[in-house]
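Enquirer: This is the structure, below, for whatever I ask next.
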Amino acid sequence: MRGLMKHALIALAATLLSTAASADTLIANVNGIQVDAQSRLQRFSALLIGDDGKVLGLIRPGDRMPTATAVIDEHGRTLMPGFIDSHGHVTDLGFSALTLNVDGTKSLAEMQQKLREYAAAHPNETWIVGFGWNQELWPDKRFPTSADLDAVVSDRPVVLQRVDGHAVVANSAAMKAAGVTAATKAPAGGEIHDGLFVDNATGLINKAVPAPTAAQLDQALAKAQDILLGFGVTSVASMSTSGPDWLAFRRAADSGKLDVRLMAYMLAGNDMPMTAPTGWLDGDHLRAVGVKVFADGALGSRGAWLKKPYSDMPGTTGLQFHTDAEMRAIDEKAAAQGFQIATHAIGDAANAQVIRSYEWLDSKYGLNRRWRIEHAQIVDCADLPRIGKGHMIASMQPTHQTSDRLMAEKRLDPARLKCAYAWQSMLRTGAKLAFGTDFPVESPNPFPGLSAAISRQDVNGQPAGGWYPAERLTLGQALHAYTRGGAYAAFAEDRIGALDPGKWADFVIVDQDPTKVDPQQLAKTQVLQTWVAGKKVWEGREASSGPERGR
Ligand SMILES: [Zn+2]
């Protein structure tokens, strides 16, 4: 009797609870699109969200409409899962929007002019730190020097970072503050030329740059979040997260300010603020999941480590950051601590080294640790199948292909381009693909990336027919890499990456159906609303002028 009574009471309580908590929301009358696990397009006409911000169900055309406490009519607009950017630099994105930005300058003179104007407008800034130059966009393609900066600002230190983050140019005042002289030698894995510091040599200058304050980091994070949500990016694998970055993420999480979900890959080193991955914090808004390791530099500054010399500079094969033994030691420590490992590898020699190290880890620890190769840009065709065989993740950035194409053709001969930016080949060998942008190296806008992924063409349709078009993906495959693939790559597929029951209702409303437009039009898709955990966290205007979108 007592047992029965108890059951009855529990049943009554459950009824009351479900009545009280049944504040379900139906997002009705949508042109819903997502991909299934096999990258096939699924369509739905409404989305039912529970009170907890998780998906209760998708309503397909012809299904009976469920009742819900609140119904929001989207008038037939297109709804898709929120995008997961699998490789971005969050606070850098904020700073690139808040400080001197020379991204896209078409000449040295234009960069100098921007620096001149910024210096005049910020007389009290004791150091000028800027970002975004790319000599490949300049007529003579010459790297900038300290003299080029001294000609504009000589009264205080100036440090300008290359768009890929792999080189900085400093003026004389900055070098003086850093104690760098003509006699200073570059460390292993770095180079110095006339005030230009490449890869490991950048530390010689950067150590003198005043670290951002906690308040500045908080401001940069808030700005980055605003930009990301405006582009429909609801989750990010935050690469190269520093200790101070992590503390800023924690402050935002603890005070309920995080809308975007951050899956942090901590910069491997001695000052990591944790010795093991954290659990999910703040309603799955934050987690430290892995460590970030570097195997080489980047192609633009000839820091990518190649098996054979650069075609346009036969004296060099780029920069090897670690011996095999060093990399194994770094990887073994991270693996023993339980971290996932994400290693930056651009050149074919770097990719081969990372594959070797991961294969060695697998032989020791077994498969299924989802070892990640970040960029995996230039891979020797002979090494490519090993990525799939080792169940590794290729974390790639489609817009790097379109931005790098002409530069890559100079740096490398056609034989080495065959397995470069090789998305379809990666999938064919069984590798898991996760897409991102490496923001602020590229804009975090996912749509130019989707466009490049399906066309191998830039937003202007160049080159005709696509660059190595066999590497094109279907739109379904590209969407998969940008949603489900990104979730899998960060051990988060049980909670994000698709609008499946039980996962978070993270989604976007966009201004056109991506399945019904050509690649150039696809790149122009505008996000109208961004929702995280069933709540609208960003809304733009429908006019084509659009909201402020940062860069
Ligand atoms: Zn990066």
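Labels for the structure tokens follow display order: chains A, B, ..., residues from 1 in each chain, ligands from 1.
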Which residues of chain A have any atom within 9 Å of an atom in ligand 1 when counting only C-alpha atoms and all ligand atoms, and what is the closest pair of atoms for each, with the distance in Å to one decimal? Order the rows by chain and rising number and write it as JSON lines.

Expert:
{"residue": "A:His87", "atom": "CA", "partner": "ligand 1", "partner_atom_place_in_ligand_line": "1 (Zn)", "distance": 6.2}
{"residue": "A:Gly88", "atom": "CA", "partner": "ligand 1", "partner_atom_place_in_ligand_line": "1 (Zn)", "distance": 6.0}
{"residue": "A:His89", "atom": "CA", "partner": "ligand 1", "partner_atom_place_in_ligand_line": "1 (Zn)", "distance": 6.5}
{"residue": "A:Asp164", "atom": "CA", "partner": "ligand 1", "partner_atom_place_in_ligand_line": "1 (Zn)", "distance": 7.6}
{"residue": "A:Gly165", "atom": "CA", "partner": "ligand 1", "partner_atom_place_in_ligand_line": "1 (Zn)", "distance": 7.9}
{"residue": "A:Met239", "atom": "CA", "partner": "ligand 1", "partner_atom_place_in_ligand_line": "1 (Zn)", "distance": 6.3}
{"residue": "A:Ser240", "atom": "CA", "partner": "ligand 1", "partner_atom_place_in_ligand_line": "1 (Zn)", "distance": 7.4}
{"residue": "A:His344", "atom": "CA", "partner": "ligand 1", "partner_atom_place_in_ligand_line": "1 (Zn)", "distance": 7.6}
{"residue": "A:Glu374", "atom": "CA", "partner": "ligand 1", "partner_atom_place_in_ligand_line": "1 (Zn)", "distance": 7.8}
{"residue": "A:His375", "atom": "CA", "partner": "ligand 1", "partner_atom_place_in_ligand_line": "1 (Zn)", "distance": 8.2}
{"residue": "A:Thr437", "atom": "CA", "partner": "ligand 1", "partner_atom_place_in_ligand_line": "1 (Zn)", "distance": 8.4}
{"residue": "A:Asp438", "atom": "CA", "partner": "ligand 1", "partner_atom_place_in_ligand_line": "1 (Zn)", "distance": 4.7}
{"residue": "A:Phe439", "atom": "CA", "partner": "ligand 1", "partner_atom_place_in_ligand_line": "1 (Zn)", "distance": 7.3}
{"residue": "A:Pro440", "atom": "CA", "partner": "ligand 1", "partner_atom_place_in_ligand_line": "1 (Zn)", "distance": 8.5}
{"residue": "A:Val441", "atom": "CA", "partner": "ligand 1", "partner_atom_place_in_ligand_line": "1 (Zn)", "distance": 7.5}

Enquirer: Looking only at the backbone, which of the residues in stretch 227-369 of chain A does DSSP tag as helix (DSSP H, G or I), as an MDAnalysis selection string?

Expert: chainID A and resid 227:230 243:254 324:336 348:365

Enquirer: Taking 2 positions as the minimum chain separation for residues in the same chain, which residues sit within 8 Å of A:Phe447 when counting only C-alpha atoms? Answer as a VMD selection string.

Expert: chain A and resid 445 449 to 451 522 to 525

Enquirer: Using only C-alpha atoms, pick whichever of A:Ala431, A:Val354, A:Ala394, A:Ile72 has the shortest atom-to-atom distance to A:Asp331.

Expert: A:Val354

Enquirer: I want to know what sits within 8 Å of stretch 282-298 of chain A, based on only C-alpha atoms, with residues of the same chain fewer than 3 positions away left out; could you give that as an MDAnalysis selection string?

Expert: chainID A and resid 164 166 189 199 239:240 249:250 253:254 256 258:268 277:279 301:305 318:322 334 339:347 350:351 353:354 490

Enquirer: Go through stretch 326-456 of chain A and collect every residue that DSSP, computed from the backbone, puts in strand (DSSP E); the answer should be as number ranges by chain.

Expert: A: 340-345, 372-375, 393-396, 432-435
